[in-house]
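See below for the structure under consideration.
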Amino acid sequence: MSQELRAVDWTGTGLALIDQTLLPHRTETMHVQDVDTLVDAIQRLVVRGAPAIGAAGAYGVALALLQGEREGWTDDEIRRAVARIREARPTAVNLMVCVDRVTGRLPEGLDAVLEEAAAVQREDVQANRAMGAHGADWLLERVGADRPLRILTHCNTGALATAGWGTALGVIRELHARGLLEVVYADETRPLLQGSRLTAWELVQEGIPHYVQADGAAAGTILRGEVDAAVVGADRIAANGDTANKVGTVGIALACADAGIPFLVAAPTTTVDLATKTGDDIHIELRDQAEVLEWAGLRTAPAQSRGHNPAFDVTPGRLVTGLVTERGVLEVSAGQVPGEYLRDAGTSTGRDAGMSTGTGE
């Protein structure tokens, strides 16, 4: 069912966003027709996941243009509104890349902007499909295809987090489609439970066997030998392969390194920011401390306690066994860093960029 799922859709006059704050108990669509509402939806995680935010931002340029026409904005006011969308969440690079791409066509008018935004969405689905195949091939080649695999994942990286199909969850779905997936361990993902609310919901739609576990259980599950590989997504990847992803990811990578199993990052090339040299240069979003001090509006920590609530952490490239993109797989920990192999990503293929396609070729 999630194959056809669209977290972000253009209605002709605005955006339709699946409200991910209400899942899994209610499936409702938020209709967005102004910039303020879109910025709020991105910040409240109504729409979340780097590629999905990128698609929402791309269509947000059209939204700003339409609102500007209704309200008599100047060109400068329209561009300031677009800048607000671009900056709604600072860590996920896809939002900035996609907004900038579509903004380049603003002088051509609404039809051109919508054409470019639709291309962003279409290309993301195509990239996710390719990633799923490359990642599954690579895992089966490295881990073995003599039995179905046991995979651990973190946060939500499926159709809800993308324009369709999914990144890390796309790899998992591909393994399942081939009959080579035994079970998925889905981390609950603090503080808003994207794993238990969203990933588990998508796995149910697909009929994929899974367990939901506390984030703190992940390392133990790996070290007990209950997992063959971990597959996660990314919000920004530096030129040296350092990877920012949902907080809790770096602990999974450390456990995988100790256990000697693959830690695979699945993300489109739009998530690779070659202008960011290392993970030290990635801005980590700090969210409202109430998200860790309260639960459902009820204070769970002492009144004197302060909350430290980073939304992401950075996994050093030396711990990333493989980075799978739509072009193939870079074995980052072995020295194939994005800065060297993807500078010509706009023109080269995975094979001629020196990337493994996971087929042994």
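All residue names refer to the structure tokens as shown: chains lettered A, B, ... in order, residues numbered from 1 in each chain, ligands numbered from 1 in order.
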
Please report as a Markdown table every residue of range 245-343 of chain A lying within 10 Å of range 201-215 of chain A, along with the nearest atom pair and their distance in Å (one decimal), using only C-alpha atoms.
```
| residue | atom | partner | partner_atom | distance |
| --- | --- | --- | --- | --- |
| A:Val247 | CA | A:Asp215 | CA | 9.7 |
| A:Gly248 | CA | A:Asp215 | CA | 6.9 |
| A:Thr249 | CA | A:Asp215 | CA | 9.2 |
| A:Gly251 | CA | A:Asp215 | CA | 9.3 |
| A:Ile252 | CA | A:Asp215 | CA | 9.1 |
```

**Prompt:** If you run DSSP on this backbone, which residues of range 170-273 of chain A come out as helix (DSSP H, G or I), and could you give them as a ChimeraX atom specification?
**Reply:** /A:170-177,194-206,215-223,249-259,269-271

Let's have the selection written as a short mmCIF file (atom, residue, chain, number, x, y, z; two decimals), in the first residue's frame, with N, CA and C atoms.
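The new file result19.cif reads:
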```cif
data_model
loop_
_atom_site.label_atom_id
_atom_site.label_comp_id
_atom_site.auth_asym_id
_atom_site.auth_seq_id
_atom_site.Cartn_x
_atom_site.Cartn_y
_atom_site.Cartn_z
N GLY A 170 13.21 1.58 1.66
CA GLY A 170 13.14 1.07 0.29
C GLY A 170 14.04 -0.13 0.09
N VAL A 171 15.24 -0.11 0.71
CA VAL A 171 16.13 -1.27 0.66
C VAL A 171 15.46 -2.46 1.34
N ILE A 172 14.85 -2.21 2.48
CA ILE A 172 14.16 -3.26 3.22
C ILE A 172 12.99 -3.82 2.41
N ARG A 173 12.24 -2.95 1.77
CA ARG A 173 11.10 -3.39 0.95
C ARG A 173 11.58 -4.24 -0.23
N GLU A 174 12.72 -3.87 -0.79
CA GLU A 174 13.26 -4.65 -1.91
C GLU A 174 13.67 -6.05 -1.45
N LEU A 175 14.30 -6.15 -0.29
CA LEU A 175 14.66 -7.47 0.25
C LEU A 175 13.41 -8.29 0.50
N HIS A 176 12.38 -7.65 1.04
CA HIS A 176 11.12 -8.36 1.29
C HIS A 176 10.50 -8.85 -0.01
N ALA A 177 10.52 -8.01 -1.04
CA ALA A 177 9.95 -8.40 -2.33
C ALA A 177 10.68 -9.59 -2.93
N GLN A 194 8.99 8.32 15.81
CA GLN A 194 8.80 8.14 14.37
C GLN A 194 8.92 6.68 13.97
N GLY A 195 9.73 5.92 14.71
CA GLY A 195 9.88 4.49 14.38
C GLY A 195 8.64 3.69 14.74
N SER A 196 8.16 3.85 15.95
CA SER A 196 7.00 3.06 16.38
C SER A 196 5.71 3.55 15.76
N ARG A 197 5.59 4.85 15.53
CA ARG A 197 4.35 5.38 14.96
C ARG A 197 4.31 5.23 13.44
N LEU A 198 5.45 5.49 12.77
CA LEU A 198 5.45 5.62 11.32
C LEU A 198 6.08 4.42 10.61
N THR A 199 7.30 4.05 11.01
CA THR A 199 7.93 2.91 10.35
C THR A 199 7.12 1.64 10.58
N ALA A 200 6.71 1.41 11.82
CA ALA A 200 5.91 0.22 12.09
C ALA A 200 4.60 0.24 11.29
N TRP A 201 4.00 1.41 11.17
CA TRP A 201 2.77 1.54 10.38
C TRP A 201 3.02 1.15 8.93
N GLU A 202 4.12 1.63 8.34
CA GLU A 202 4.44 1.26 6.96
C GLU A 202 4.74 -0.23 6.83
N LEU A 203 5.44 -0.80 7.80
CA LEU A 203 5.76 -2.22 7.75
C LEU A 203 4.49 -3.07 7.83
N VAL A 204 3.52 -2.62 8.61
CA VAL A 204 2.24 -3.31 8.68
C VAL A 204 1.55 -3.30 7.32
N GLN A 205 1.58 -2.13 6.64
CA GLN A 205 0.95 -2.04 5.32
C GLN A 205 1.56 -3.04 4.34
N GLU A 206 2.86 -3.30 4.50
CA GLU A 206 3.57 -4.20 3.59
C GLU A 206 3.54 -5.66 4.04
N ASP A 215 15.09 2.69 21.60
CA ASP A 215 16.37 3.08 21.00
C ASP A 215 17.55 2.51 21.78
N GLY A 216 17.43 2.52 23.11
CA GLY A 216 18.51 2.02 23.96
C GLY A 216 18.75 0.54 23.84
N ALA A 217 17.83 -0.20 23.22
CA ALA A 217 18.00 -1.64 23.05
C ALA A 217 18.80 -1.99 21.80
N ALA A 218 18.98 -1.02 20.90
CA ALA A 218 19.56 -1.32 19.59
C ALA A 218 20.95 -1.92 19.68
N ALA A 219 21.83 -1.31 20.48
CA ALA A 219 23.20 -1.81 20.56
C ALA A 219 23.24 -3.24 21.09
N GLY A 220 22.44 -3.52 22.09
CA GLY A 220 22.41 -4.87 22.65
C GLY A 220 21.90 -5.89 21.64
N THR A 221 20.86 -5.51 20.88
CA THR A 221 20.34 -6.40 19.85
C THR A 221 21.42 -6.73 18.83
N ILE A 222 22.20 -5.73 18.46
CA ILE A 222 23.29 -5.94 17.49
C ILE A 222 24.37 -6.83 18.08
N LEU A 223 24.80 -6.54 19.29
CA LEU A 223 25.92 -7.28 19.89
C LEU A 223 25.54 -8.70 20.26
N THR A 249 21.56 7.51 15.98
CA THR A 249 22.16 6.74 14.88
C THR A 249 23.61 6.37 15.17
N VAL A 250 24.37 7.29 15.75
CA VAL A 250 25.80 7.03 15.93
C VAL A 250 26.03 5.83 16.87
N GLY A 251 25.17 5.63 17.84
CA GLY A 251 25.31 4.46 18.71
C GLY A 251 25.12 3.16 17.96
N ILE A 252 24.21 3.16 16.98
CA ILE A 252 24.00 1.98 16.15
C ILE A 252 25.25 1.68 15.33
N ALA A 253 25.85 2.74 14.76
CA ALA A 253 27.06 2.56 13.96
C ALA A 253 28.20 2.01 14.79
N LEU A 254 28.36 2.50 16.01
CA LEU A 254 29.42 2.00 16.88
C LEU A 254 29.21 0.53 17.21
N ALA A 255 27.96 0.16 17.48
CA ALA A 255 27.68 -1.24 17.79
C ALA A 255 27.93 -2.14 16.58
N CYS A 256 27.56 -1.67 15.39
CA CYS A 256 27.81 -2.44 14.17
C CYS A 256 29.30 -2.64 13.95
N ALA A 257 30.10 -1.59 14.18
CA ALA A 257 31.54 -1.70 14.02
C ALA A 257 32.11 -2.73 14.98
N ASP A 258 31.64 -2.73 16.22
CA ASP A 258 32.13 -3.69 17.20
C ASP A 258 31.71 -5.11 16.86
N ALA A 259 30.50 -5.25 16.32
CA ALA A 259 30.00 -6.59 15.97
C ALA A 259 30.51 -7.07 14.63
N THR A 269 21.58 11.40 -3.81
CA THR A 269 22.74 12.28 -3.94
C THR A 269 22.40 13.71 -3.52
N THR A 270 21.12 14.09 -3.52
CA THR A 270 20.75 15.43 -3.07
C THR A 270 21.02 15.62 -1.58
N THR A 271 21.21 14.53 -0.84
CA THR A 271 21.50 14.62 0.59
C THR A 271 23.00 14.80 0.84
#
```

**Item:** Which of A:Ala55, A:Arg190, A:Thr74, A:Ala163 sits closest to Arg129 in chain A [using only C-alpha atoms]
**Value:**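 Distance minimum relative to Arg129 in chain A lands on A:Ala163.
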
**Asked** Using only C-alpha atoms, which of A:Leu330, A:Ala168, A:Leu65, A:Met30 sits nearest Ala112 in chain A?
**Response**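 Of A:Leu330, A:Ala168, A:Leu65, A:Met30, the one nearest Ala112 in chain A, counting only C-alpha atoms, is A:Leu65.
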
**Asked** Out of range 133-214 of chain A, which residues get strand (DSSP E or B) from DSSP, as a ChimeraX atom specification?
**Response** /A:149-153,181-187,210-213

Would you save the residues from that selection as a PDB file, in the first residue's frame, using N, CA, C and O atoms?
```
ATOM      1  N   LEU A 149      17.491 -12.106   5.586  1.00  0.00           N
ATOM      2  CA  LEU A 149      18.292 -11.265   6.469  1.00  0.00           C
ATOM      3  C   LEU A 149      17.447 -10.645   7.579  1.00  0.00           C
ATOM      4  O   LEU A 149      16.245 -10.439   7.447  1.00  0.00           O
ATOM      5  N   ARG A 150      18.138 -10.327   8.669  1.00  0.00           N
ATOM      6  CA  ARG A 150      17.548  -9.613   9.805  1.00  0.00           C
ATOM      7  C   ARG A 150      18.150  -8.209   9.810  1.00  0.00           C
ATOM      8  O   ARG A 150      19.365  -8.059   9.940  1.00  0.00           O
ATOM      9  N   ILE A 151      17.295  -7.203   9.666  1.00  0.00           N
ATOM     10  CA  ILE A 151      17.758  -5.833   9.469  1.00  0.00           C
ATOM     11  C   ILE A 151      17.258  -4.934  10.596  1.00  0.00           C
ATOM     12  O   ILE A 151      16.088  -5.004  10.996  1.00  0.00           O
ATOM     13  N   LEU A 152      18.141  -4.067  11.078  1.00  0.00           N
ATOM     14  CA  LEU A 152      17.758  -3.043  12.053  1.00  0.00           C
ATOM     15  C   LEU A 152      17.700  -1.695  11.349  1.00  0.00           C
ATOM     16  O   LEU A 152      18.555  -1.383  10.504  1.00  0.00           O
ATOM     17  N   THR A 153      16.693  -0.903  11.673  1.00  0.00           N
ATOM     18  CA  THR A 153      16.591   0.444  11.103  1.00  0.00           C
ATOM     19  C   THR A 153      16.194   1.428  12.187  1.00  0.00           C
ATOM     20  O   THR A 153      15.738   1.035  13.279  1.00  0.00           O
ATOM     21  N   LEU A 181      13.996 -11.353   3.358  1.00  0.00           N
ATOM     22  CA  LEU A 181      13.939 -10.586   4.598  1.00  0.00           C
ATOM     23  C   LEU A 181      13.224 -11.412   5.657  1.00  0.00           C
ATOM     24  O   LEU A 181      12.076 -11.818   5.462  1.00  0.00           O
ATOM     25  N   GLU A 182      13.913 -11.655   6.764  1.00  0.00           N
ATOM     26  CA  GLU A 182      13.301 -12.428   7.846  1.00  0.00           C
ATOM     27  C   GLU A 182      12.512 -11.524   8.793  1.00  0.00           C
ATOM     28  O   GLU A 182      11.344 -11.778   9.085  1.00  0.00           O
ATOM     29  N   VAL A 183      13.160 -10.465   9.277  1.00  0.00           N
ATOM     30  CA  VAL A 183      12.520  -9.603  10.263  1.00  0.00           C
ATOM     31  C   VAL A 183      13.232  -8.265  10.289  1.00  0.00           C
ATOM     32  O   VAL A 183      14.414  -8.151   9.935  1.00  0.00           O
ATOM     33  N   VAL A 184      12.492  -7.239  10.725  1.00  0.00           N
ATOM     34  CA  VAL A 184      13.047  -5.902  10.901  1.00  0.00           C
ATOM     35  C   VAL A 184      12.947  -5.514  12.371  1.00  0.00           C
ATOM     36  O   VAL A 184      11.907  -5.725  13.003  1.00  0.00           O
ATOM     37  N   TYR A 185      14.033  -4.978  12.912  1.00  0.00           N
ATOM     38  CA  TYR A 185      14.013  -4.360  14.232  1.00  0.00           C
ATOM     39  C   TYR A 185      13.902  -2.853  14.005  1.00  0.00           C
ATOM     40  O   TYR A 185      14.832  -2.225  13.488  1.00  0.00           O
ATOM     41  N   ALA A 186      12.773  -2.271  14.366  1.00  0.00           N
ATOM     42  CA  ALA A 186      12.524  -0.847  14.158  1.00  0.00           C
ATOM     43  C   ALA A 186      12.665  -0.116  15.483  1.00  0.00           C
ATOM     44  O   ALA A 186      11.885  -0.340  16.421  1.00  0.00           O
ATOM     45  N   ASP A 187      13.680   0.738  15.586  1.00  0.00           N
ATOM     46  CA  ASP A 187      13.843   1.535  16.800  1.00  0.00           C
ATOM     47  C   ASP A 187      12.677   2.495  16.945  1.00  0.00           C
ATOM     48  O   ASP A 187      12.223   3.104  15.971  1.00  0.00           O
ATOM     49  N   HIS A 210       8.126  -7.643  12.004  1.00  0.00           N
ATOM     50  CA  HIS A 210       9.006  -6.674  12.649  1.00  0.00           C
ATOM     51  C   HIS A 210       8.782  -6.645  14.150  1.00  0.00           C
ATOM     52  O   HIS A 210       7.752  -7.084  14.656  1.00  0.00           O
ATOM     53  N   TYR A 211       9.797  -6.117  14.832  1.00  0.00           N
ATOM     54  CA  TYR A 211       9.710  -5.775  16.240  1.00  0.00           C
ATOM     55  C   TYR A 211       9.942  -4.273  16.372  1.00  0.00           C
ATOM     56  O   TYR A 211      10.782  -3.707  15.670  1.00  0.00           O
ATOM     57  N   VAL A 212       9.221  -3.634  17.288  1.00  0.00           N
ATOM     58  CA  VAL A 212       9.539  -2.271  17.694  1.00  0.00           C
ATOM     59  C   VAL A 212      10.324  -2.368  18.994  1.00  0.00           C
ATOM     60  O   VAL A 212       9.921  -3.083  19.912  1.00  0.00           O
ATOM     61  N   GLN A 213      11.464  -1.681  19.035  1.00  0.00           N
ATOM     62  CA  GLN A 213      12.282  -1.745  20.242  1.00  0.00           C
ATOM     63  C   GLN A 213      12.677  -0.335  20.681  1.00  0.00           C
ATOM     64  O   GLN A 213      12.700   0.603  19.881  1.00  0.00           O
TER      65      GLN A 213
END
```
